[in-house]
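What follows is a set of notes on a single structure, which appears directly below.
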Amino acid sequence: MNTPSSRPGLDELAAGEIDATDIESLRRMAQLYDTLDPVPGGLVDRIQFGITLDALQAEIAELQRSGDLAGVRADASTDSQTVTFTSTTMSTMVTITNTAADRVRIDGWVAPGGGVTVALRIVEETRTTTADPDGRFVFDDVPRGLAQFTLRSPSGHQPAVVTPSIEL
């Protein structure tokens, strides 16, 4: 029985230059994968959006589903959706309310909440506000699309909490 290391010329072939036959084989293999297991639409954008310097030194919150939430994105028959994120140090609940075909209002509550800095990261910009003493915060006139929250304690002694990206 021939093993890969005992076949004559295999090492030389492996060390050789990539030729037209190799390129055609790789092209056909890529085409096969594109057909059988294509990359989901928007995956690359979501990955790029989700990877930030904040996330490298932050606690990642876990997405919880609230109420009758069947998915994060609201459908045409739903006026609002509620989403909860939890971590070991903070929890936040946001209600996303449709205000126009392409706009939403986000009402949120964070616990423990007084003075927590809440950043809403959307594709076009990052908006920041501070939760009131009861932990409440609001973002008005937010365009639909990918969004992510970063929560920072007022003391600054805890790592920031970053939520998973959601589609508004």
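In the structure tokens, the first chain shown is A, the next is B, and so on; residue numbers restart at 1 for each chain, and ligands run from 1 in the order shown.
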
Per-residue nearest contacts range 74-157 of chain A to range 34-48 of chain A, cut-off 12 Å, using only C-alpha atoms, as a tab-separated table:
residue	atom	partner	partner_atom	distance
A:Ile122	CA	A:Arg46	CA	11.4
A:Val123	CA	A:Asp45	CA	9.8
A:Gly145	CA	A:Arg46	CA	10.6
A:Leu146	CA	A:Arg46	CA	7.7
A:Ala147	CA	A:Arg46	CA	9.9
A:Gln148	CA	A:Arg46	CA	10.7

Just the residues within 12 Å of Ala119 in chain A, please, counting only C-alpha atoms, with nothing from its chain fewer than 4 positions along; format it as an mmCIF file with N, CA, C and O atoms, in the first residue's frame.
data_model
loop_
_atom_site.group_PDB
_atom_site.id
_atom_site.type_symbol
_atom_site.label_atom_id
_atom_site.label_comp_id
_atom_site.auth_asym_id
_atom_site.auth_seq_id
_atom_site.Cartn_x
_atom_site.Cartn_y
_atom_site.Cartn_z
ATOM 1 N N ASP A 54 -13.828 47.584 20.548
ATOM 2 C CA ASP A 54 -14.594 47.457 21.788
ATOM 3 C C ASP A 54 -14.828 45.997 22.139
ATOM 4 O O ASP A 54 -14.737 45.598 23.292
ATOM 5 N N GLY A 108 -35.000 52.028 25.819
ATOM 6 C CA GLY A 108 -34.268 50.987 26.520
ATOM 7 C C GLY A 108 -34.174 51.214 27.999
ATOM 8 O O GLY A 108 -34.380 52.327 28.491
ATOM 9 N N GLU A 125 -23.171 55.529 11.685
ATOM 10 C CA GLU A 125 -22.667 56.348 12.778
ATOM 11 C C GLU A 125 -22.765 55.609 14.106
ATOM 12 O O GLU A 125 -23.339 54.530 14.189
ATOM 13 N N THR A 126 -22.240 56.241 15.147
ATOM 14 C CA THR A 126 -22.424 55.769 16.514
ATOM 15 C C THR A 126 -23.074 56.899 17.300
ATOM 16 O O THR A 126 -22.598 58.032 17.274
ATOM 17 N N ARG A 127 -24.180 56.585 17.964
ATOM 18 C CA ARG A 127 -24.877 57.558 18.812
ATOM 19 C C ARG A 127 -24.668 57.157 20.259
ATOM 20 O O ARG A 127 -24.681 55.978 20.588
ATOM 21 N N THR A 128 -24.533 58.152 21.124
ATOM 22 C CA THR A 128 -24.270 57.876 22.538
ATOM 23 C C THR A 128 -25.227 58.669 23.404
ATOM 24 O O THR A 128 -25.543 59.822 23.108
ATOM 25 N N THR A 129 -25.676 58.047 24.486
ATOM 26 C CA THR A 129 -26.501 58.707 25.481
ATOM 27 C C THR A 129 -26.157 58.118 26.842
ATOM 28 O O THR A 129 -25.432 57.130 26.932
ATOM 29 N N THR A 130 -26.690 58.727 27.894
ATOM 30 C CA THR A 130 -26.486 58.228 29.250
ATOM 31 C C THR A 130 -27.825 57.859 29.846
ATOM 32 O O THR A 130 -28.783 58.633 29.766
ATOM 33 N N ALA A 131 -27.893 56.661 30.437
ATOM 34 C CA ALA A 131 -29.131 56.213 31.067
ATOM 35 C C ALA A 131 -29.437 57.080 32.283
ATOM 36 O O ALA A 131 -28.529 57.467 33.022
ATOM 37 N N PHE A 137 -33.143 54.895 28.656
ATOM 38 C CA PHE A 137 -32.484 55.655 27.589
ATOM 39 C C PHE A 137 -33.329 55.559 26.322
ATOM 40 O O PHE A 137 -34.171 54.662 26.189
ATOM 41 N N VAL A 138 -33.120 56.518 25.404
ATOM 42 C CA VAL A 138 -33.904 56.586 24.168
ATOM 43 C C VAL A 138 -33.009 56.988 23.008
ATOM 44 O O VAL A 138 -32.128 57.839 23.170
ATOM 45 N N PHE A 139 -33.254 56.388 21.858
ATOM 46 C CA PHE A 139 -32.657 56.812 20.595
ATOM 47 C C PHE A 139 -33.801 57.015 19.617
ATOM 48 O O PHE A 139 -34.541 56.073 19.317
ATOM 49 N N ALA A 147 -27.533 46.947 13.933
ATOM 50 C CA ALA A 147 -27.310 47.778 15.112
ATOM 51 C C ALA A 147 -26.672 46.936 16.205
ATOM 52 O O ALA A 147 -26.861 45.722 16.263
ATOM 53 N N GLN A 148 -25.918 47.614 17.066
ATOM 54 C CA GLN A 148 -25.243 46.957 18.181
ATOM 55 C C GLN A 148 -25.120 47.973 19.310
ATOM 56 O O GLN A 148 -24.895 49.156 19.054
ATOM 57 N N PHE A 149 -25.272 47.504 20.543
ATOM 58 C CA PHE A 149 -25.171 48.375 21.703
ATOM 59 C C PHE A 149 -23.878 48.084 22.469
ATOM 60 O O PHE A 149 -23.462 46.937 22.577
ATOM 61 N N THR A 150 -23.270 49.150 23.001
ATOM 62 C CA THR A 150 -22.143 49.022 23.918
ATOM 63 C C THR A 150 -22.530 49.761 25.189
ATOM 64 O O THR A 150 -22.952 50.921 25.129
ATOM 65 N N LEU A 151 -22.406 49.086 26.331
ATOM 66 C CA LEU A 151 -22.791 49.648 27.618
ATOM 67 C C LEU A 151 -21.543 49.788 28.477
ATOM 68 O O LEU A 151 -20.768 48.834 28.611
ATOM 69 N N ARG A 152 -21.362 50.978 29.071
ATOM 70 C CA ARG A 152 -20.203 51.230 29.931
ATOM 71 C C ARG A 152 -20.690 51.732 31.283
ATOM 72 O O ARG A 152 -21.481 52.684 31.353
ATOM 73 N N SER A 153 -20.178 51.126 32.342
ATOM 74 C CA SER A 153 -20.575 51.538 33.690
ATOM 75 C C SER A 153 -20.032 52.928 33.984
ATOM 76 O O SER A 153 -18.988 53.314 33.443
ATOM 77 N N ALA A 160 -16.544 47.040 29.280
ATOM 78 C CA ALA A 160 -17.749 47.389 28.536
ATOM 79 C C ALA A 160 -18.507 46.106 28.210
ATOM 80 O O ALA A 160 -17.931 45.032 28.110
ATOM 81 N N VAL A 161 -19.813 46.226 28.040
ATOM 82 C CA VAL A 161 -20.657 45.110 27.625
ATOM 83 C C VAL A 161 -21.097 45.393 26.202
ATOM 84 O O VAL A 161 -21.647 46.459 25.920
ATOM 85 N N VAL A 162 -20.845 44.463 25.300
ATOM 86 C CA VAL A 162 -21.209 44.618 23.894
ATOM 87 C C VAL A 162 -22.271 43.584 23.565
ATOM 88 O O VAL A 162 -22.122 42.408 23.894
ATOM 89 N N THR A 163 -23.336 44.020 22.894
ATOM 90 C CA THR A 163 -24.406 43.095 22.511
ATOM 91 C C THR A 163 -24.109 42.508 21.130
ATOM 92 O O THR A 163 -23.359 43.093 20.351
#

key: All residues 6 Å or closer to Gly114 in chain A, only C-alpha atoms, same chain fewer than 6 positions away omitted, as a PyMOL selection string   = chain A and resi 131-135

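The residue set within 8 Å of Ala111 in chain A, counting only C-alpha atoms and dropping same-chain residues fewer than 6 places from it, reads Met90, Ser91, Thr92 and Gly135 of chain A.
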
Test item, alpha helix (DSSP H) assignment across range 8-161 of chain A, answer as a PyMOL selection string = chain A and resi 10-15+20-36+43-50+53-56

task = Write out as number ranges by chain all residues of range 62-164 of chain A that backbone DSSP assigns to strand (DSSP E or B).
result = A: 62-65, 80-86, 91-100, 103-111, 117-122, 126-130, 136-143, 146-152, 161-162

request  = Please measure the separation of CA of Arg103 in chain A and CA of Gly115 in chain A, giving the value in Å to one decimal.
outcome  = 26.7 Å

note = In Å and to one decimal, CA of Ser87 in chain A is distant from CA of Pro112 in chain A by 11.5 Å

request  = Just give me the gap between CA of Met93 in chain A and CA of Gln81 in chain A in Å, one decimal is fine.
outcome  =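 Spanning CA of Met93 in chain A to CA of Gln81 in chain A is a straight-line distance of 10.5 Å.
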
key: Counting only C-alpha atoms, the residue of A:Val110, A:Ala61, A:Leu32, A:Leu10 that sits nearest Arg136 in chain A   =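 Result for the nearest residue to Arg136 in chain A: A:Val110.
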
ask   = Closest to Pro159 in chain A among A:Ile23, A:Val83, A:Ile60, A:Ala15, using only C-alpha atoms?
value = A:Ile60

ask   = Can you list, as an MDAnalysis selection string, every protein, DNA or RNA residue that comes within 12 Å of Thr99 in chain A when you count only C-alpha atoms, leaving out same-chain residues fewer than 3 positions away?
value = chainID A and resid 78:80 96 102:106 139:144 168
